[in-house]
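Take a look at the structure set out below.
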Amino acid sequence: MKSLFLLVVVFVAVRSDNDDHAARLLASKSILNQFIVEGKELTVEYSIYNVGSSQAYNVELSDSSFPEEDFQRVSGSLNVKWDRLAVGANVSHAVILKPLRPGYANFTAAQVKYYPTEESQAVQVGYTTAPGEAGIVGLKDYERRFSPHIVDWATFAIMTLPSIGFPFLLWYRSKSKYDVKHKKN
Amino acid sequence: MATSTKILALAVLAVLPLLMNASTCIGPQVTSNVYTTSEASMSISTVFVVEVAVKCNNGEKDLLLFADVNGHMVPATQSGTGKFQVSWSDEHKKLPAGTYGVRFFDEEGYNAVRKEKRSGTDGSTVTPIFTVNVKHSGTWTGPYVQTEFVATCVALLVWYMAYRSKSFLMS
């Protein structure tokens, strides 16, 4: 019985020894848009969470999945560094881009590089989650569905003016003639 | 003997601040670029992005910045020498239109704010290296009234006026 107990204690001690004092980063990448429209802003948010038991050093986030000819950078940088990420730290980073062409786009993962401990020489490479494939709607299609169409309604109002205005004009002319006659009487 | 040790002590004291790696910025020249979400359909939460380029008079290159964002201290990311970015997001309702002051601190300031927060105060007495004012004009969630609704109302109004004058004539 005693030997069994000792065995369990040793097993538990060994298991907890495997839990090194090292940082472990989980990273996510998400697109915050309801609609991705050509020529309108595309909001990309990255979140990095340190679930390890040590600070992460020299954390570098780099995203090369937005080529310059397809996405124009509006705000934010696609290659950023954090000097240190404390244990349990949850940081977020946002980049605003503008898609230049409609069509299907595959949003792939960004890369996260960091040093798990202060003394480690080997850099740890990880990847964020990938939002996947999404369609970039053309601007004309989006406006057809969502814009207020003020000019279209104004044109419609002007076009209905003849069919309403003409009979009204006739009535008004006859009414004013009748009124004059009444006054004369 | 005593005076020489005194001189040595003074010399060491004079040199000490230079040896300490306290990366502070003296006389920062800041250029900032701010973005806030303008349309709600382009983002499910309002996102603020503040990009700053800092040049220090003392030529400090290893500056570490922390920003106080809505009472929450976040480290600023570095996207090049002297270029930093701070971004945060929240629900549209929680970030209404207005001016938000983002205070930037170096490591010393950051530790001072943390100490103050631990002792209960909100850390607003610590002076930041610089502050950036973010003007948010609100996130547009659509027009108050749809144009189709306005057009329908106008059409009904015209019809009603015609109907009234017709019944007046007929009576």
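Residues in the structure tokens are named by chain (A, B, ... in the order shown) and by number from 1 within that chain; ligands are numbered from 1 in the order shown.
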Contact table chain B vs chain A, cut-off 7 Å, shortest pair per residue, only C-alpha atoms, as a Markdown table:
```
| residue | atom | partner | partner_atom | distance |
| --- | --- | --- | --- | --- |
| B:Tyr35 | CA | A:Ser75 | CA | 6.6 |
| B:Ser41 | CA | A:Gln34 | CA | 5.6 |
| B:Met42 | CA | A:Asn33 | CA | 4.6 |
| B:Ser43 | CA | A:Asn33 | CA | 4.2 |
| B:Ile44 | CA | A:Leu32 | CA | 5.5 |
| B:Val49 | CA | A:Gly76 | CA | 6.6 |
| B:Glu51 | CA | A:Gly76 | CA | 6.8 |
| B:Thr77 | CA | A:Trp82 | CA | 5.2 |
| B:Gln78 | CA | A:Lys81 | CA | 5.1 |
| B:Ser79 | CA | A:Val80 | CA | 4.6 |
| B:Gln85 | CA | A:Gly76 | CA | 6.9 |
| B:Ser87 | CA | A:His93 | CA | 5.6 |
| B:Trp88 | CA | A:Ser92 | CA | 6.8 |
| B:Gln146 | CA | A:Pro148 | CA | 6.9 |
| B:Thr147 | CA | A:Pro148 | CA | 5.9 |
```
Item to complete: Write out as a list of chain:residue names the residues lying within 7 Å of stretch 37-40 of chain B, counting only C-alpha atoms and excluding same-chain residues fewer than 5 positions away.
Response: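 Result of the neighbour search: B:Thr46, B:Val47, B:Phe48, B:Gly138, B:Thr139, B:Trp140, B:Thr141.
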Hey, can you spit out that residue selection with N, CA and C atoms as a PDB file, in the first residue's frame?
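Written file, again03.pdb:
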```pdb
ATOM      1  N   THR B  46     -16.851  48.671 -32.856  1.00  0.00           N
ATOM      2  CA  THR B  46     -16.128  49.904 -33.192  1.00  0.00           C
ATOM      3  C   THR B  46     -14.661  49.720 -32.853  1.00  0.00           C
ATOM      4  N   VAL B  47     -13.799  50.017 -33.827  1.00  0.00           N
ATOM      5  CA  VAL B  47     -12.359  49.825 -33.658  1.00  0.00           C
ATOM      6  C   VAL B  47     -11.663  51.178 -33.733  1.00  0.00           C
ATOM      7  N   PHE B  48     -10.760  51.409 -32.795  1.00  0.00           N
ATOM      8  CA  PHE B  48      -9.949  52.631 -32.817  1.00  0.00           C
ATOM      9  C   PHE B  48      -8.514  52.207 -33.085  1.00  0.00           C
ATOM     10  N   GLY B 138     -18.705  58.962 -34.265  1.00  0.00           N
ATOM     11  CA  GLY B 138     -19.822  58.027 -34.153  1.00  0.00           C
ATOM     12  C   GLY B 138     -19.826  57.019 -35.287  1.00  0.00           C
ATOM     13  N   THR B 139     -20.388  55.852 -35.020  1.00  0.00           N
ATOM     14  CA  THR B 139     -20.475  54.810 -36.040  1.00  0.00           C
ATOM     15  C   THR B 139     -21.850  54.883 -36.664  1.00  0.00           C
ATOM     16  N   TRP B 140     -21.898  55.027 -37.964  1.00  0.00           N
ATOM     17  CA  TRP B 140     -23.168  55.217 -38.669  1.00  0.00           C
ATOM     18  C   TRP B 140     -23.877  53.881 -38.804  1.00  0.00           C
ATOM     19  N   THR B 141     -25.073  53.789 -38.241  1.00  0.00           N
ATOM     20  CA  THR B 141     -25.774  52.512 -38.294  1.00  0.00           C
ATOM     21  C   THR B 141     -26.920  52.552 -39.288  1.00  0.00           C
TER      22      THR B 141
END
```
Item to complete: For stretch 104-115 of chain A, work out the shell of residues within 8 Å, counting only C-alpha atoms and skipping chain neighbours fewer than 2 positions away, then give it as a VMD selection string.
Response: chain A and resid 23 27 29 56 to 65 102 117 to 118 120 to 136
Practice prompt. Would you please extract all strand (DSSP E or B) residues from stretch 18-79 of chain B, as assigned by DSSP on the backbone, and give them as a list in words?
Written response: Gln29, Val30, Thr31, Ser32, Asn33, Val34, Tyr35, Thr36, Glu39, Thr46, Val47, Phe48, Val49, Val50, Glu51, Val52, Ala53, Val54, Lys55, Phe66, Ala67, Asp68, Val69, His72, Met73, Val74, Pro75, Thr77 and Gln78 of chain B
Just the selected residues (N, CA, C and O atoms), exported as an mmCIF file, in the first residue's frame, please.
```cif
data_model
loop_
_atom_site.group_PDB
_atom_site.id
_atom_site.type_symbol
_atom_site.label_atom_id
_atom_site.label_comp_id
_atom_site.auth_asym_id
_atom_site.auth_seq_id
_atom_site.Cartn_x
_atom_site.Cartn_y
_atom_site.Cartn_z
ATOM 1 N N GLN B 29 8.648 64.475 -30.011
ATOM 2 C CA GLN B 29 7.923 65.082 -31.125
ATOM 3 C C GLN B 29 7.057 63.988 -31.731
ATOM 4 O O GLN B 29 7.565 62.986 -32.229
ATOM 5 N N VAL B 30 5.744 64.199 -31.641
ATOM 6 C CA VAL B 30 4.805 63.122 -31.976
ATOM 7 C C VAL B 30 3.971 63.488 -33.188
ATOM 8 O O VAL B 30 3.400 64.576 -33.248
ATOM 9 N N THR B 31 3.912 62.580 -34.143
ATOM 10 C CA THR B 31 2.935 62.749 -35.226
ATOM 11 C C THR B 31 1.996 61.558 -35.108
ATOM 12 O O THR B 31 2.445 60.417 -35.017
ATOM 13 N N SER B 32 0.699 61.827 -35.087
ATOM 14 C CA SER B 32 -0.232 60.726 -34.876
ATOM 15 C C SER B 32 -1.207 60.618 -36.026
ATOM 16 O O SER B 32 -1.529 61.595 -36.693
ATOM 17 N N ASN B 33 -1.659 59.418 -36.242
ATOM 18 C CA ASN B 33 -2.626 59.115 -37.287
ATOM 19 C C ASN B 33 -3.700 58.255 -36.635
ATOM 20 O O ASN B 33 -3.391 57.198 -36.082
ATOM 21 N N VAL B 34 -4.947 58.733 -36.705
ATOM 22 C CA VAL B 34 -5.993 58.055 -35.953
ATOM 23 C C VAL B 34 -7.068 57.542 -36.899
ATOM 24 O O VAL B 34 -7.443 58.219 -37.857
ATOM 25 N N TYR B 35 -7.585 56.352 -36.646
ATOM 26 C CA TYR B 35 -8.701 55.829 -37.434
ATOM 27 C C TYR B 35 -9.764 55.337 -36.471
ATOM 28 O O TYR B 35 -9.454 54.672 -35.473
ATOM 29 N N THR B 36 -11.040 55.661 -36.767
ATOM 30 C CA THR B 36 -12.133 55.077 -35.980
ATOM 31 C C THR B 36 -13.159 54.533 -36.964
ATOM 32 O O THR B 36 -13.313 55.064 -38.070
ATOM 33 N N GLU B 39 -18.631 53.089 -40.294
ATOM 34 C CA GLU B 39 -19.894 52.450 -40.669
ATOM 35 C C GLU B 39 -20.054 51.147 -39.913
ATOM 36 O O GLU B 39 -19.146 50.335 -39.890
ATOM 37 N N THR B 46 -16.851 48.671 -32.856
ATOM 38 C CA THR B 46 -16.128 49.904 -33.192
ATOM 39 C C THR B 46 -14.661 49.720 -32.853
ATOM 40 O O THR B 46 -14.311 49.311 -31.752
ATOM 41 N N VAL B 47 -13.799 50.017 -33.827
ATOM 42 C CA VAL B 47 -12.359 49.825 -33.658
ATOM 43 C C VAL B 47 -11.663 51.178 -33.733
ATOM 44 O O VAL B 47 -11.959 51.981 -34.604
ATOM 45 N N PHE B 48 -10.760 51.409 -32.795
ATOM 46 C CA PHE B 48 -9.949 52.631 -32.817
ATOM 47 C C PHE B 48 -8.514 52.207 -33.085
ATOM 48 O O PHE B 48 -8.013 51.295 -32.431
ATOM 49 N N VAL B 49 -7.850 52.859 -34.005
ATOM 50 C CA VAL B 49 -6.442 52.565 -34.265
ATOM 51 C C VAL B 49 -5.675 53.877 -34.163
ATOM 52 O O VAL B 49 -6.009 54.848 -34.827
ATOM 53 N N VAL B 50 -4.679 53.917 -33.296
ATOM 54 C CA VAL B 50 -3.862 55.115 -33.125
ATOM 55 C C VAL B 50 -2.436 54.751 -33.508
ATOM 56 O O VAL B 50 -1.840 53.876 -32.904
ATOM 57 N N GLU B 51 -1.922 55.405 -34.550
ATOM 58 C CA GLU B 51 -0.524 55.163 -34.946
ATOM 59 C C GLU B 51 0.267 56.419 -34.615
ATOM 60 O O GLU B 51 -0.151 57.512 -34.978
ATOM 61 N N VAL B 52 1.384 56.265 -33.923
ATOM 62 C CA VAL B 52 2.210 57.423 -33.583
ATOM 63 C C VAL B 52 3.633 57.203 -34.054
ATOM 64 O O VAL B 52 4.136 56.087 -34.038
ATOM 65 N N ALA B 53 4.257 58.299 -34.477
ATOM 66 C CA ALA B 53 5.684 58.268 -34.788
ATOM 67 C C ALA B 53 6.332 59.225 -33.800
ATOM 68 O O ALA B 53 5.960 60.398 -33.728
ATOM 69 N N VAL B 54 7.255 58.694 -32.993
ATOM 70 C CA VAL B 54 7.851 59.482 -31.906
ATOM 71 C C VAL B 54 9.321 59.725 -32.174
ATOM 72 O O VAL B 54 10.062 58.800 -32.490
ATOM 73 N N LYS B 55 9.724 60.989 -32.021
ATOM 74 C CA LYS B 55 11.155 61.304 -32.129
ATOM 75 C C LYS B 55 11.565 61.972 -30.838
ATOM 76 O O LYS B 55 10.959 62.967 -30.428
ATOM 77 N N PHE B 66 3.477 52.390 -23.340
ATOM 78 C CA PHE B 66 2.249 51.767 -22.879
ATOM 79 C C PHE B 66 1.163 52.827 -22.979
ATOM 80 O O PHE B 66 1.419 54.005 -22.748
ATOM 81 N N ALA B 67 -0.027 52.418 -23.314
ATOM 82 C CA ALA B 67 -1.091 53.401 -23.471
ATOM 83 C C ALA B 67 -2.218 53.098 -22.499
ATOM 84 O O ALA B 67 -2.526 51.936 -22.226
ATOM 85 N N ASP B 68 -2.835 54.176 -22.019
ATOM 86 C CA ASP B 68 -3.980 54.041 -21.126
ATOM 87 C C ASP B 68 -5.225 54.192 -21.984
ATOM 88 O O ASP B 68 -5.553 55.289 -22.438
ATOM 89 N N VAL B 69 -5.873 53.083 -22.242
ATOM 90 C CA VAL B 69 -7.008 53.053 -23.148
ATOM 91 C C VAL B 69 -8.261 52.800 -22.331
ATOM 92 O O VAL B 69 -8.452 51.701 -21.837
ATOM 93 N N HIS B 72 -7.644 51.122 -19.137
ATOM 94 C CA HIS B 72 -7.005 49.817 -19.260
ATOM 95 C C HIS B 72 -5.620 50.030 -19.866
ATOM 96 O O HIS B 72 -5.493 50.680 -20.888
ATOM 97 N N MET B 73 -4.575 49.504 -19.231
ATOM 98 C CA MET B 73 -3.211 49.745 -19.736
ATOM 99 C C MET B 73 -2.824 48.660 -20.749
ATOM 100 O O MET B 73 -2.869 47.470 -20.415
ATOM 101 N N VAL B 74 -2.473 49.069 -21.945
ATOM 102 C CA VAL B 74 -2.045 48.094 -22.945
ATOM 103 C C VAL B 74 -0.658 48.471 -23.458
ATOM 104 O O VAL B 74 -0.343 49.651 -23.557
ATOM 105 N N PRO B 75 0.171 47.466 -23.811
ATOM 106 C CA PRO B 75 1.474 47.812 -24.399
ATOM 107 C C PRO B 75 1.274 48.223 -25.859
ATOM 108 O O PRO B 75 0.433 47.658 -26.560
ATOM 109 N N THR B 77 2.345 48.381 -29.729
ATOM 110 C CA THR B 77 3.160 47.548 -30.609
ATOM 111 C C THR B 77 4.110 48.443 -31.377
ATOM 112 O O THR B 77 3.822 49.607 -31.617
ATOM 113 N N GLN B 78 5.253 47.870 -31.759
ATOM 114 C CA GLN B 78 6.240 48.628 -32.518
ATOM 115 C C GLN B 78 6.206 48.156 -33.955
ATOM 116 O O GLN B 78 6.309 46.962 -34.219
#
```
